[in-house]
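Enquirer: This one is model_36.txt, compact mmCIF, C-alpha atoms.
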# COMPACT_ATOMS: atom_id res chain seq x y z
CA MET Q 4 7.94 -17.12 -5.16
CA LYS Q 5 6.83 -14.27 -2.93
CA LYS Q 6 7.96 -14.39 0.64
CA PRO Q 7 5.22 -14.29 3.28
CA VAL Q 8 4.71 -10.83 4.75
CA ASP Q 9 3.69 -9.85 8.25
CA TYR Q 10 1.51 -6.84 7.51
CA SER Q 11 0.19 -6.59 11.09
CA LEU Q 12 1.72 -3.22 11.99
CA TYR Q 13 2.23 -1.32 8.78
CA LEU Q 14 3.95 2.04 8.90
CA VAL Q 15 3.51 4.57 6.11
CA THR Q 16 6.20 7.25 6.01
CA ASP Q 17 5.50 10.94 5.90
CA HIS Q 18 7.45 12.91 3.29
CA ARG Q 19 7.24 16.05 5.42
CA LEU Q 20 10.03 14.67 7.61
CA PRO Q 21 13.62 15.32 6.51
CA LEU Q 22 15.58 12.18 5.65
CA ASP Q 23 17.63 11.93 8.82
CA SER Q 24 14.56 12.29 11.05
CA MET Q 25 12.67 9.78 8.92
CA GLU Q 26 15.48 7.25 9.20
CA LYS Q 27 15.53 7.68 12.98
CA VAL Q 28 11.74 7.34 13.29
CA VAL Q 29 11.62 4.27 11.07
CA ALA Q 30 14.49 2.57 12.93
CA ASP Q 31 12.80 3.24 16.28
CA ALA Q 32 9.40 2.14 14.98
CA VAL Q 33 10.74 -1.12 13.58
CA ALA Q 34 12.59 -1.82 16.82
CA GLY Q 35 9.24 -1.20 18.54
CA GLY Q 36 7.34 -3.74 16.48
CA VAL Q 37 6.45 -2.27 13.09
CA SER Q 38 6.42 -5.25 10.72
CA CYS Q 39 6.14 -3.60 7.31
CA VAL Q 40 7.06 -0.14 5.99
CA GLN Q 41 5.61 1.74 3.07
CA PHE Q 42 7.65 4.61 1.71
CA ARG Q 43 5.24 7.25 0.51
CA ASP Q 44 6.49 10.47 -1.02
CA LYS Q 45 4.34 12.49 -3.37
CA ILE Q 46 6.55 15.54 -3.61
CA SER Q 47 10.25 14.72 -4.00
CA ASP Q 48 12.17 14.30 -7.23
CA ALA Q 49 12.72 10.67 -8.21
CA GLY Q 50 16.46 10.97 -7.61
CA ILE Q 51 15.83 11.89 -3.96
CA MET Q 52 13.24 9.12 -3.68
CA VAL Q 53 15.75 6.53 -4.88
CA LYS Q 54 18.27 7.67 -2.27
CA THR Q 55 15.70 7.66 0.53
CA ALA Q 56 14.31 4.28 -0.46
CA PHE Q 57 17.81 2.74 -0.52
CA SER Q 58 18.47 4.20 2.90
CA LEU Q 59 15.21 2.79 4.33
CA LYS Q 60 15.92 -0.58 2.75
CA ARG Q 61 19.27 -0.72 4.51
CA ILE Q 62 17.64 0.04 7.87
CA LEU Q 63 14.84 -2.47 7.36
CA SER Q 64 17.06 -5.30 6.16
CA ASP Q 65 18.56 -5.55 9.66
CA TYR Q 66 15.08 -6.43 10.94
CA ASP Q 67 13.96 -8.44 7.91
CA VAL Q 68 11.07 -5.99 7.57
CA PRO Q 69 9.80 -5.53 4.01
CA LEU Q 70 9.88 -2.20 2.20
CA ILE Q 71 6.93 -1.28 0.02
CA ILE Q 72 6.99 1.75 -2.27
CA ASN Q 73 3.90 3.88 -2.79
CA ASP Q 74 2.85 4.83 -6.34
CA ARG Q 75 6.24 4.75 -8.09
CA VAL Q 76 6.62 1.31 -9.60
CA ASP Q 77 9.92 2.43 -11.10
CA ILE Q 78 11.37 3.43 -7.74
CA ALA Q 79 10.29 0.06 -6.32
CA MET Q 80 12.09 -1.68 -9.18
CA ALA Q 81 15.10 0.65 -9.00
CA VAL Q 82 15.80 -0.20 -5.35
CA ASP Q 83 14.58 -3.79 -5.62
CA ALA Q 84 11.96 -3.13 -2.94
CA ASP Q 85 9.80 -5.97 -1.62
CA GLY Q 86 6.63 -4.44 -2.93
CA VAL Q 87 4.68 -1.59 -4.44
CA HIS Q 88 1.43 -0.05 -3.27
CA LEU Q 89 -0.91 1.55 -5.78
CA GLY Q 90 -3.70 3.97 -5.01
CA GLN Q 91 -6.80 4.39 -7.15
CA ARG Q 92 -5.13 7.26 -9.04
CA ASP Q 93 -1.81 5.52 -9.66
CA ILE Q 94 -0.82 3.18 -12.49
CA PRO Q 95 -3.65 0.63 -12.78
CA ALA Q 96 -2.76 -2.60 -10.97
CA LYS Q 97 -3.51 -4.65 -14.07
CA ILE Q 98 -0.83 -2.78 -16.01
CA ALA Q 99 1.63 -2.65 -13.10
CA LYS Q 100 1.46 -6.43 -12.80
CA LYS Q 101 2.85 -6.74 -16.32
CA ILE Q 102 5.98 -4.73 -15.54
CA ILE Q 103 6.95 -5.70 -11.99
CA PRO Q 104 9.05 -8.79 -11.26
CA PRO Q 105 6.89 -11.81 -10.31
CA GLU Q 106 8.23 -11.85 -6.74
CA MET Q 107 7.28 -8.23 -6.04
CA ILE Q 108 4.36 -7.75 -3.64
CA LEU Q 109 1.50 -5.76 -5.11
CA GLY Q 110 -0.96 -3.96 -2.86
CA VAL Q 111 -3.78 -1.66 -3.89
CA SER Q 112 -6.02 0.81 -2.11
CA VAL Q 113 -9.72 -0.02 -2.13
CA GLU Q 114 -12.60 2.10 -0.97
CA SER Q 115 -15.50 -0.28 -1.51
CA VAL Q 116 -16.63 -3.90 -1.87
CA ASP Q 117 -16.51 -3.50 -5.65
CA ASP Q 118 -12.93 -2.25 -5.53
CA ALA Q 119 -11.99 -5.20 -3.32
CA LEU Q 120 -13.55 -7.75 -5.68
CA ARG Q 121 -11.79 -6.17 -8.62
CA ALA Q 122 -8.46 -6.21 -6.76
CA GLU Q 123 -8.90 -9.88 -5.90
CA SER Q 124 -9.68 -10.77 -9.50
CA LEU Q 125 -6.47 -9.00 -10.58
CA GLY Q 126 -4.42 -11.18 -8.28
CA VAL Q 127 -3.01 -8.53 -5.95
CA ASP Q 128 -1.35 -9.63 -2.71
CA TYR Q 129 -3.19 -7.43 -0.24
CA ILE Q 130 -5.66 -4.59 -0.14
CA GLY Q 131 -5.41 -1.35 1.77
CA VAL Q 132 -8.89 -0.33 2.90
CA SER Q 133 -8.72 3.42 2.96
CA PRO Q 134 -9.67 5.61 4.67
CA VAL Q 135 -11.29 3.66 7.51
CA PHE Q 136 -11.79 6.87 9.41
CA SER Q 137 -11.35 10.41 8.17
CA THR Q 138 -7.78 11.60 8.49
CA PRO Q 139 -5.74 14.78 8.27
CA THR Q 140 -2.81 13.12 6.41
CA LYS Q 141 -4.54 12.59 3.10
CA THR Q 142 -6.99 15.13 1.86
CA ASP Q 143 -7.56 13.63 -1.58
CA THR Q 144 -9.30 10.45 -0.52
CA ALA Q 145 -12.94 9.45 -0.66
CA GLU Q 146 -15.38 9.47 2.25
CA ALA Q 147 -14.44 7.24 5.18
CA VAL Q 148 -15.22 3.54 4.69
CA GLY Q 149 -16.04 3.13 8.38
CA ILE Q 150 -16.20 0.00 10.50
CA GLU Q 151 -19.30 -1.23 8.66
CA GLY Q 152 -17.59 -0.77 5.32
CA LEU Q 153 -14.56 -2.67 6.58
CA ARG Q 154 -16.78 -5.55 7.75
CA ALA Q 155 -18.52 -5.65 4.36
CA ILE Q 156 -15.18 -5.86 2.54
CA ARG Q 157 -13.95 -8.58 4.92
CA LYS Q 158 -17.00 -10.68 3.97
CA VAL Q 159 -16.15 -10.74 0.28
CA THR Q 160 -12.41 -11.27 0.15
CA TYR Q 161 -9.75 -13.65 1.43
CA LEU Q 162 -6.99 -11.12 0.74
CA PRO Q 163 -5.05 -9.66 3.66
CA ILE Q 164 -6.69 -6.38 4.63
CA VAL Q 165 -4.51 -3.50 5.72
CA ALA Q 166 -6.76 -0.87 7.28
CA ILE Q 167 -5.57 2.72 7.01
CA GLY Q 168 -6.85 6.17 7.84
CA GLY Q 169 -7.35 7.71 11.28
CA ILE Q 170 -6.25 4.61 13.19
CA ASN Q 171 -4.86 5.22 16.65
CA ILE Q 172 -4.31 3.47 19.97
CA SER Q 173 -7.94 3.83 20.99
CA ASN Q 174 -9.59 2.39 17.87
CA ALA Q 175 -6.95 -0.13 16.71
CA ALA Q 176 -8.47 -3.13 18.51
CA LEU Q 177 -11.93 -2.43 17.06
CA VAL Q 178 -10.46 -2.22 13.55
CA LEU Q 179 -8.73 -5.58 13.94
CA GLN Q 180 -11.87 -7.16 15.42
CA SER Q 181 -13.83 -5.85 12.43
CA GLY Q 182 -11.89 -7.85 9.88
CA ALA Q 183 -8.61 -6.07 9.30
CA ASP Q 184 -5.48 -8.24 9.36
CA SER Q 185 -3.32 -5.21 9.84
CA ILE Q 186 -3.41 -1.63 10.90
CA ALA Q 187 -1.50 0.98 8.98
CA VAL Q 188 -0.53 4.25 10.55
CA VAL Q 189 1.18 7.41 9.40
CA SER Q 190 1.00 10.27 11.88
CA ALA Q 191 0.21 8.14 14.96
CA ILE Q 192 3.79 6.87 14.76
CA MET Q 193 5.60 9.31 12.45
CA SER Q 194 4.56 12.30 14.54
CA ALA Q 195 4.77 10.60 17.94
CA ARG Q 196 7.08 12.07 20.54
CA ASN Q 197 8.54 8.57 20.96
CA PRO Q 198 7.87 6.48 17.83
CA GLY Q 199 9.40 3.35 19.41
CA ASP Q 200 7.11 3.47 22.45
CA GLU Q 201 4.11 4.24 20.29
CA SER Q 202 4.90 1.27 18.05
CA ARG Q 203 5.16 -0.97 21.13
CA LYS Q 204 1.69 0.16 22.24
CA PHE Q 205 0.24 -0.73 18.82
CA ARG Q 206 2.14 -4.01 18.82
CA SER Q 207 0.74 -4.93 22.20
CA ILE Q 208 -2.83 -4.20 21.06
CA ILE Q 209 -2.30 -6.29 17.91
CA ASN Q 210 -0.83 -9.22 19.83
CA GLY Q 211 -3.73 -8.96 22.31
CA VAL Q 212 -6.33 -9.23 19.53
CA ILE Q 213 -4.45 -11.97 17.66
CA ASN Q 214 -4.17 -14.07 20.82
CA THR Q 215 -7.83 -13.80 21.81
CA MET D 4 17.79 -4.13 -31.10
CA LYS D 5 16.82 -0.49 -30.81
CA LYS D 6 15.26 1.05 -33.87
CA PRO D 7 17.01 4.12 -35.29
CA VAL D 8 15.37 7.36 -34.20
CA ASP D 9 15.04 10.60 -36.08
CA TYR D 10 15.47 13.10 -33.27
CA SER D 11 15.77 16.09 -35.60
CA LEU D 12 12.59 17.90 -34.53
CA TYR D 13 11.80 16.82 -31.01
CA LEU D 14 8.61 18.08 -29.39
CA VAL D 15 8.22 18.12 -25.61
CA THR D 16 4.61 18.30 -24.44
CA ASP D 17 3.32 20.84 -21.98
CA HIS D 18 1.17 19.45 -19.16
CA ARG D 19 -0.65 22.74 -18.84
CA LEU D 20 -2.70 21.82 -21.91
CA PRO D 21 -5.84 19.72 -21.38
CA LEU D 22 -5.68 16.27 -23.00
CA ASP D 23 -7.89 17.01 -26.01
CA SER D 24 -5.93 20.16 -26.89
CA MET D 25 -2.66 18.31 -26.41
CA GLU D 26 -3.76 15.52 -28.73
CA LYS D 27 -4.74 18.05 -31.38
CA VAL D 28 -1.46 19.99 -31.07
CA VAL D 29 0.63 16.81 -31.21
CA ALA D 30 -1.25 15.47 -34.23
CA ASP D 31 -0.82 18.79 -36.07
CA ALA D 32 2.85 19.05 -35.06
CA VAL D 33 3.65 15.55 -36.25
CA ALA D 34 1.84 16.17 -39.52
CA GLY D 35 4.00 19.31 -39.81
CA GLY D 36 7.29 17.46 -39.40
CA VAL D 37 7.93 16.75 -35.72
CA SER D 38 9.94 13.51 -35.73
CA CYS D 39 9.98 12.57 -32.04
CA VAL D 40 7.68 13.38 -29.10
CA GLN D 41 8.50 13.49 -25.42
CA PHE D 42 5.56 13.33 -23.03
CA ARG D 43 6.47 15.45 -20.04
CA ASP D 44 4.05 15.80 -17.14
CA LYS D 45 5.28 16.69 -13.68
CA ILE D 46 1.90 17.25 -12.07
CA SER D 47 -0.70 14.63 -13.00
CA ASP D 48 -1.45 11.42 -11.13
CA ALA D 49 0.14 8.36 -12.70
CA GLY D 50 -3.27 6.98 -13.71
CA ILE D 51 -3.91 10.09 -15.83
CA MET D 52 -0.39 9.91 -17.23
CA VAL D 53 -0.93 6.32 -18.38
CA LYS D 54 -4.12 7.32 -20.19
CA THR D 55 -2.50 10.34 -21.82
CA ALA D 56 0.59 8.40 -22.86
CA PHE D 57 -1.54 5.64 -24.43
CA SER D 58 -3.49 8.28 -26.30
CA LEU D 59 -0.32 9.97 -27.62
CA LYS D 60 1.12 6.61 -28.59
CA ARG D 61 -1.96 5.89 -30.69
CA ILE D 62 -1.63 9.23 -32.50
CA LEU D 63 2.11 8.83 -33.09
CA SER D 64 1.93 5.26 -34.33
CA ASP D 65 0.12 6.48 -37.47
CA TYR D 66 3.23 8.51 -38.31
CA ASP D 67 5.78 6.02 -36.99
CA VAL D 68 7.03 8.78 -34.66
CA PRO D 69 8.54 7.51 -31.40
CA LEU D 70 7.10 8.39 -27.99
CA ILE D 71 9.53 9.12 -25.18
CA ILE D 72 8.35 9.52 -21.58
CA ASN D 73 9.96 12.07 -19.27
CA ASP D 74 11.02 11.02 -15.77
CA ARG D 75 8.57 8.15 -15.12
CA VAL D 76 10.30 4.95 -16.15
CA ASP D 77 7.25 3.03 -14.93
CA ILE D 78 4.87 4.94 -17.21
CA ALA D 79 7.24 4.33 -20.14
CA MET D 80 7.18 0.60 -19.37
CA ALA D 81 3.43 0.59 -18.68
CA VAL D 82 2.56 1.95 -22.12
CA ASP D 83 5.49 0.26 -23.87
CA ALA D 84 6.83 3.61 -25.02
CA ASP D 85 9.82 3.79 -27.34
CA GLY D 86 11.96 5.54 -24.78
CA VAL D 87 12.41 7.34 -21.51
CA HIS D 88 14.12 10.64 -20.82
CA LEU D 89 15.76 11.29 -17.46
CA GLY D 90 16.71 14.66 -16.03
CA GLN D 91 19.50 15.18 -13.54
CA ARG D 92 16.99 14.91 -10.66
CA ASP D 93 15.23 11.78 -11.89
CA ILE D 94 16.13 8.13 -11.34
CA PRO D 95 19.87 7.86 -12.11
CA ALA D 96 20.43 6.55 -15.65
CA LYS D 97 22.70 3.80 -14.37
CA ILE D 98 19.86 2.38 -12.25
CA ALA D 99 17.19 2.98 -14.88
CA LYS D 100 19.21 0.97 -17.39
CA LYS D 101 18.86 -2.07 -15.15
CA ILE D 102 15.06 -2.01 -15.14
CA ILE D 103 14.08 -0.91 -18.64
CA PRO D 104 13.75 -3.38 -21.50
CA PRO D 105 16.92 -3.53 -23.64
CA GLU D 106 15.18 -2.09 -26.67
CA MET D 107 13.95 1.03 -24.83
CA ILE D 108 15.70 4.27 -25.81
CA LEU D 109 17.35 6.05 -22.90
CA GLY D 110 18.06 9.75 -23.05
CA VAL D 111 19.43 11.97 -20.30
CA SER D 112 19.71 15.70 -19.73
CA VAL D 113 23.22 17.07 -19.49
CA GLU D 114 24.33 20.54 -18.51
CA SER D 115 28.09 20.25 -18.98
CA VAL D 116 30.95 18.42 -20.68
CA ASP D 117 31.38 16.27 -17.55
CA ASP D 118 27.71 15.27 -17.60
CA ALA D 119 28.04 14.38 -21.28
CA LEU D 120 31.08 12.20 -20.71
CA ARG D 121 29.37 10.43 -17.81
CA ALA D 122 26.25 9.86 -19.94
CA GLU D 123 28.32 8.40 -22.75
CA SER D 124 30.12 6.05 -20.37
CA LEU D 125 26.74 4.83 -19.10
CA GLY D 126 25.70 3.86 -22.61
CA VAL D 127 22.72 6.16 -23.06
CA ASP D 128 21.25 6.62 -26.54
CA TYR D 129 21.19 10.41 -26.74
CA ILE D 130 21.79 13.44 -24.60
CA GLY D 131 19.55 16.44 -24.15
CA VAL D 132 21.72 19.52 -23.70
CA SER D 133 19.65 21.75 -21.50
CA PRO D 134 19.00 24.60 -21.28
CA VAL D 135 20.80 25.98 -24.34
CA PHE D 136 19.18 29.35 -23.74
CA SER D 137 17.24 30.50 -20.71
CA THR D 138 13.57 29.57 -20.94
CA PRO D 139 10.28 30.34 -19.23
CA THR D 140 9.03 26.70 -19.39
CA LYS D 141 11.39 25.22 -16.85
CA THR D 142 12.38 27.27 -13.84
CA ASP D 143 14.28 24.52 -12.00
CA THR D 144 17.18 24.16 -14.41
CA ALA D 145 20.76 25.33 -14.20
CA GLU D 146 22.25 28.35 -15.93
CA ALA D 147 22.04 28.33 -19.73
CA VAL D 148 24.68 26.19 -21.47
CA GLY D 149 24.87 28.63 -24.37
CA ILE D 150 26.21 28.12 -27.89
CA GLU D 151 29.79 27.84 -26.62
CA GLY D 152 28.77 25.18 -24.10
CA LEU D 153 26.97 23.26 -26.83
CA ARG D 154 30.07 23.37 -29.04
CA ALA D 155 32.23 22.13 -26.15
CA ILE D 156 29.90 19.18 -25.55
CA ARG D 157 29.82 18.38 -29.29
CA LYS D 158 33.61 18.08 -29.23
CA VAL D 159 33.65 15.34 -26.58
CA THR D 160 30.80 13.04 -27.55
CA TYR D 161 29.57 11.03 -30.50
CA LEU D 162 26.09 10.72 -28.98
CA PRO D 163 23.15 12.39 -30.72
CA ILE D 164 22.65 15.81 -29.13
CA VAL D 165 19.14 17.10 -28.66
CA ALA D 166 19.38 20.80 -27.82
CA ILE D 167 16.61 22.18 -25.65
CA GLY D 168 15.72 25.43 -23.95
CA GLY D 169 14.72 28.69 -25.52
CA ILE D 170 15.02 27.45 -29.11
CA ASN D 171 12.89 29.23 -31.67
CA ILE D 172 12.68 29.92 -35.39
CA SER D 173 15.34 32.63 -35.24
CA ASN D 174 18.05 30.68 -33.40
CA ALA D 175 17.35 27.11 -34.57
CA ALA D 176 19.83 27.18 -37.46
CA LEU D 177 22.64 28.48 -35.25
CA VAL D 178 21.97 25.71 -32.71
CA LEU D 179 22.16 23.05 -35.42
CA GLN D 180 25.31 24.61 -36.87
CA SER D 181 26.85 24.56 -33.39
CA GLY D 182 26.75 20.79 -33.04
CA ALA D 183 23.20 19.83 -32.15
CA ASP D 184 21.69 16.96 -34.14
CA SER D 185 18.25 17.97 -33.09
CA ILE D 186 16.27 20.85 -31.71
CA ALA D 187 13.71 20.27 -29.02
CA VAL D 188 10.92 22.71 -28.43
CA VAL D 189 8.09 23.05 -25.95
CA SER D 190 6.29 26.37 -26.08
CA ALA D 191 7.47 27.37 -29.58
CA ILE D 192 5.15 24.65 -30.92
CA MET D 193 2.82 23.78 -28.01
CA SER D 194 1.75 27.42 -27.60
CA ALA D 195 1.82 28.35 -31.29
CA ARG D 196 -1.35 29.64 -32.85
CA ASN D 197 -0.86 27.06 -35.60
CA PRO D 198 1.36 24.21 -34.32
CA GLY D 199 1.37 22.50 -37.74
CA ASP D 200 2.64 25.60 -39.55
CA GLU D 201 5.18 26.28 -36.81
CA SER D 202 6.47 22.71 -37.09
CA ARG D 203 6.79 23.10 -40.86
CA LYS D 204 8.90 26.23 -40.32
CA PHE D 205 11.25 24.35 -37.98
CA ARG D 206 11.35 21.39 -40.35
CA SER D 207 12.32 23.63 -43.22
CA ILE D 208 15.16 25.19 -41.19
CA ILE D 209 16.39 21.72 -40.15
CA ASN D 210 16.29 20.40 -43.70
CA GLY D 211 18.11 23.53 -44.87
CA VAL D 212 20.97 22.99 -42.40
CA ILE D 213 21.16 19.23 -43.00
CA ASN D 214 21.39 19.75 -46.75
CA THR D 215 24.11 22.40 -46.64
Before we go any further, please render this structure as structure tokens.
Expert:
Amino acid sequence: MKKPVDYSLYLVTDHRLPLDSMEKVVADAVAGGVSCVQFRDKISDAGIMVKTAFSLKRILSDYDVPLIINDRVDIAMAVDADGVHLGQRDIPAKIAKKIIPPEMILGVSVESVDDALRAESLGVDYIGVSPVFSTPTKTDTAEAVGIEGLRAIRKVTYLPIVAIGGINISNAALVLQSGADSIAVVSAIMSARNPGDESRKFRSIINGVINT
Amino acid sequence: MKKPVDYSLYLVTDHRLPLDSMEKVVADAVAGGVSCVQFRDKISDAGIMVKTAFSLKRILSDYDVPLIINDRVDIAMAVDADGVHLGQRDIPAKIAKKIIPPEMILGVSVESVDDALRAESLGVDYIGVSPVFSTPTKTDTAEAVGIEGLRAIRKVTYLPIVAIGGINISNAALVLQSGADSIAVVSAIMSARNPGDESRKFRSIINGVINT
């Protein structure tokens, strides 16, 4: 049985930070209201990734915040992470579902209504709509989905929608009002001067939208 | 129950080849006497790796030659490969053993007697002694183990030894006479003008040593 996940403020880590800085940022961010963390690292050796993921898991367990691993299903299984997130160029979700434990959360990136319908039919747990706006963090993604695209996806699926890509303090409320259940951020928190304070600002916006 | 593997002529693929060329080279090499193939790709997206691995598996199944996946335990599980090979910087073998199916072959790279002893205590199926000689294919590896190093490792372990790194037609016999059960090659076959003929030359050397 999968445990329910609060995706509302979803932090994606940035592999450009050294481990000690990343640990500090993640701890501050979670204390500030981040409810879910995705470890994303497209450059390190798997041995390093295992160490980093174990370290993040230890930090997050104090807050009961789930850890989701990007791309590497094996790393997710190796550290017994709560979930795995697969992009369009990663192991196909259909195949990943056959190898992950039944309790592991499976999220996939979608860029269109068709992607979202396909993801729902595969029985994934949430979709990451990406990129909502254009973003400097990922250069390999498709054209921005936009607010209209997000609304269109919301109309066709009951799955939790994590919106990602170019989301910041000024557009977060609009994204949530346009059908996203969650906002995911990388640089807005990872590169913030004070990641804890920045997380609290996002948290306050989210709570404001949820309560209206 | 793991099926017995003939490691004697072990081909490691080169990701610099496009898929269609790689398929052709592997098919020719296997027809020429390669007995085991490791798919090694450190650059492609996982989605591409899954496709390539499935394609190699199809080719190899005609010859009953096992497919071993380098580094990515998840890709090995996704395509139900025969085995996985882990380098010193990949997921630690001890952790990998917990997530792979019991029948999956597990091989690890070792660079020293200590590594070999540790690998044996972990219950791996074979060790790749690497690099025996210095090699242009991998630039991230330690100093060459050399013939003396190979002999020293042979003395301490009963595990099958796959020797890799700088092995060619002229030194293959010496490597086998120095304790290796198998020679692994990348460029000597992958970059050969005629991979089938080159494989037959290696096969003939191997059979010559085995029968003397």
Enquirer: Find, counting only C-alpha atoms, the residue in D:Met4, D:Leu14, D:Val76, D:Leu63 that gets nearest to chain Q.
Expert: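 For chain Q, the nearest of the candidates is D:Val76.
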Enquirer: Enclose all atoms of region 73-81 of chain D listed in the file in an axis-aligned box, grow every side by 4 Å, and hand back centre and edge lengths in Å to one decimal, as lines of an AutoDock Vina configuration file.
Expert:
center_x = 7.2
center_y = 6.3
center_z = -17.5
size_x = 15.6
size_y = 19.5
size_z = 13.2
Enquirer: Near region 153-155 of chain D, within 7 Å and counting all atoms listed in the file, which residues show up once chain neighbours fewer than 4 positions away are dropped, as a list in words?
Expert: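 Residues near the query, excluding close chain neighbours: Val116, Val148, Gly149, Val159, Ser181 and Gly182 of chain D.
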Enquirer: Counting all atoms listed in the file, which residues of chain D sit at most 12 Å from some atom of chain Q, and what is each one's closest atom pair with its distance in Å to one decimal, listed by chain and rising residue number, as JSON lines?
Expert:
{"residue": "D:Lys45", "atom": "CA", "partner": "Q:Asp48", "partner_atom": "CA", "distance": 9.7}
{"residue": "D:Ile46", "atom": "CA", "partner": "Q:Ile46", "partner_atom": "CA", "distance": 9.8}
{"residue": "D:Ser47", "atom": "CA", "partner": "Q:Arg92", "partner_atom": "CA", "distance": 9.5}
{"residue": "D:Asp48", "atom": "CA", "partner": "Q:Arg92", "partner_atom": "CA", "distance": 5.9}
{"residue": "D:Ala49", "atom": "CA", "partner": "Q:Asp93", "partner_atom": "CA", "distance": 4.6}
{"residue": "D:Gly50", "atom": "CA", "partner": "Q:Asp93", "partner_atom": "CA", "distance": 4.5}
{"residue": "D:Ile51", "atom": "CA", "partner": "Q:Arg92", "partner_atom": "CA", "distance": 7.5}
{"residue": "D:Met52", "atom": "CA", "partner": "Q:Ile94", "partner_atom": "CA", "distance": 8.2}
{"residue": "D:Val53", "atom": "CA", "partner": "Q:Ile94", "partner_atom": "CA", "distance": 6.7}
{"residue": "D:Lys54", "atom": "CA", "partner": "Q:Ile94", "partner_atom": "CA", "distance": 9.3}
{"residue": "D:Thr55", "atom": "CA", "partner": "Q:Ile94", "partner_atom": "CA", "distance": 11.9}
{"residue": "D:Ala56", "atom": "CA", "partner": "Q:Ile94", "partner_atom": "CA", "distance": 11.7}
{"residue": "D:Phe57", "atom": "CA", "partner": "Q:Ile98", "partner_atom": "CA", "distance": 11.9}
{"residue": "D:Asn73", "atom": "CA", "partner": "Q:Ala49", "partner_atom": "CA", "distance": 11.5}
{"residue": "D:Asp74", "atom": "CA", "partner": "Q:Ala49", "partner_atom": "CA", "distance": 7.8}
{"residue": "D:Arg75", "atom": "CA", "partner": "Q:Asp77", "partner_atom": "CA", "distance": 7.1}
{"residue": "D:Val76", "atom": "CA", "partner": "Q:Asp77", "partner_atom": "CA", "distance": 5.7}
{"residue": "D:Asp77", "atom": "CA", "partner": "Q:Asp77", "partner_atom": "CA", "distance": 4.7}
{"residue": "D:Ile78", "atom": "CA", "partner": "Q:Ile94", "partner_atom": "CA", "distance": 7.6}
{"residue": "D:Ala79", "atom": "CA", "partner": "Q:Asp77", "partner_atom": "CA", "distance": 9.6}
{"residue": "D:Met80", "atom": "CA", "partner": "Q:Ile102", "partner_atom": "CA", "distance": 6.7}
{"residue": "D:Ala81", "atom": "CA", "partner": "Q:Ile98", "partner_atom": "CA", "distance": 6.1}
{"residue": "D:Val82", "atom": "CA", "partner": "Q:Ile98", "partner_atom": "CA", "distance": 8.4}
{"residue": "D:Asp83", "atom": "CA", "partner": "Q:Ile102", "partner_atom": "CA", "distance": 9.7}
{"residue": "D:Val87", "atom": "CA", "partner": "Q:Asp77", "partner_atom": "CA", "distance": 11.8}
{"residue": "D:Leu89", "atom": "CA", "partner": "Q:Ala49", "partner_atom": "CA", "distance": 9.8}
{"residue": "D:Gly90", "atom": "CA", "partner": "Q:Gly50", "partner_atom": "CA", "distance": 9.2}
{"residue": "D:Gln91", "atom": "CA", "partner": "Q:Gly50", "partner_atom": "CA", "distance": 7.9}
{"residue": "D:Arg92", "atom": "CA", "partner": "Q:Gly50", "partner_atom": "CA", "distance": 5.0}
{"residue": "D:Asp93", "atom": "CA", "partner": "Q:Gly50", "partner_atom": "CA", "distance": 4.5}
{"residue": "D:Ile94", "atom": "CA", "partner": "Q:Gly50", "partner_atom": "CA", "distance": 4.7}
{"residue": "D:Pro95", "atom": "CA", "partner": "Q:Gly50", "partner_atom": "CA", "distance": 6.4}
{"residue": "D:Ala96", "atom": "CA", "partner": "Q:Gly50", "partner_atom": "CA", "distance": 10.0}
{"residue": "D:Lys97", "atom": "CA", "partner": "Q:Ala81", "partner_atom": "CA", "distance": 9.8}
{"residue": "D:Ile98", "atom": "CA", "partner": "Q:Ala81", "partner_atom": "CA", "distance": 6.0}
{"residue": "D:Ala99", "atom": "CA", "partner": "Q:Ala81", "partner_atom": "CA", "distance": 6.7}
{"residue": "D:Lys100", "atom": "CA", "partner": "Q:Ala81", "partner_atom": "CA", "distance": 9.3}
{"residue": "D:Lys101", "atom": "CA", "partner": "Q:Ala81", "partner_atom": "CA", "distance": 7.7}
{"residue": "D:Ile102", "atom": "CA", "partner": "Q:Met80", "partner_atom": "CA", "distance": 6.7}
{"residue": "D:Ile103", "atom": "CA", "partner": "Q:Asp77", "partner_atom": "CA", "distance": 9.2}
{"residue": "D:Pro104", "atom": "CA", "partner": "Q:Ile102", "partner_atom": "CA", "distance": 9.9}
{"residue": "D:Asp143", "atom": "CA", "partner": "Q:Asp48", "partner_atom": "CA", "distance": 11.5}
Enquirer: Please compute the CA of Tyr10 (chain Q)-CA of Glu146 (chain Q) distance, one decimal, in Å.
Expert: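 We find that CA of Tyr10 (chain Q) and CA of Glu146 (chain Q) lie 24.1 Å from each other.
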Enquirer: When you count all atoms listed in the file, which of these residues is closest to Ser58 (chain D): D:Ile71, D:Ala32, D:Ala119, D:Met25?
Expert: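 When distances to Ser58 (chain D) are compared using all atoms listed in the file, the smallest one comes from D:Met25.
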Enquirer: Tell me, in Å to one decimal, how far CA of Leu162 (chain D) is from CA of Val132 (chain D).
Expert: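 Separation of CA of Leu162 (chain D) and CA of Val132 (chain D): 11.2 Å.
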Enquirer: So, with all atoms listed in the file as the atoms that count, which of D:Ile62, D:Ser38, D:Asp31, D:Val165 lies closest to His88 (chain D)?
Expert: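 The shortest atom-to-atom distance to His88 (chain D) comes from D:Val165.
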Enquirer: Mind pulling up the distance from CA of Asp117 (chain D) to CA of Glu151 (chain D)?
Expert: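 A separation of 14.8 Å between them.
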Enquirer: Would you please work out which residue, of D:Ser185, D:Asn171, D:Asn214, D:Ser112, is nearest to Phe136 (chain D) when using all atoms listed in the file?
Expert: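 With all atoms listed in the file as the atom set, the closest residue is D:Asn171.
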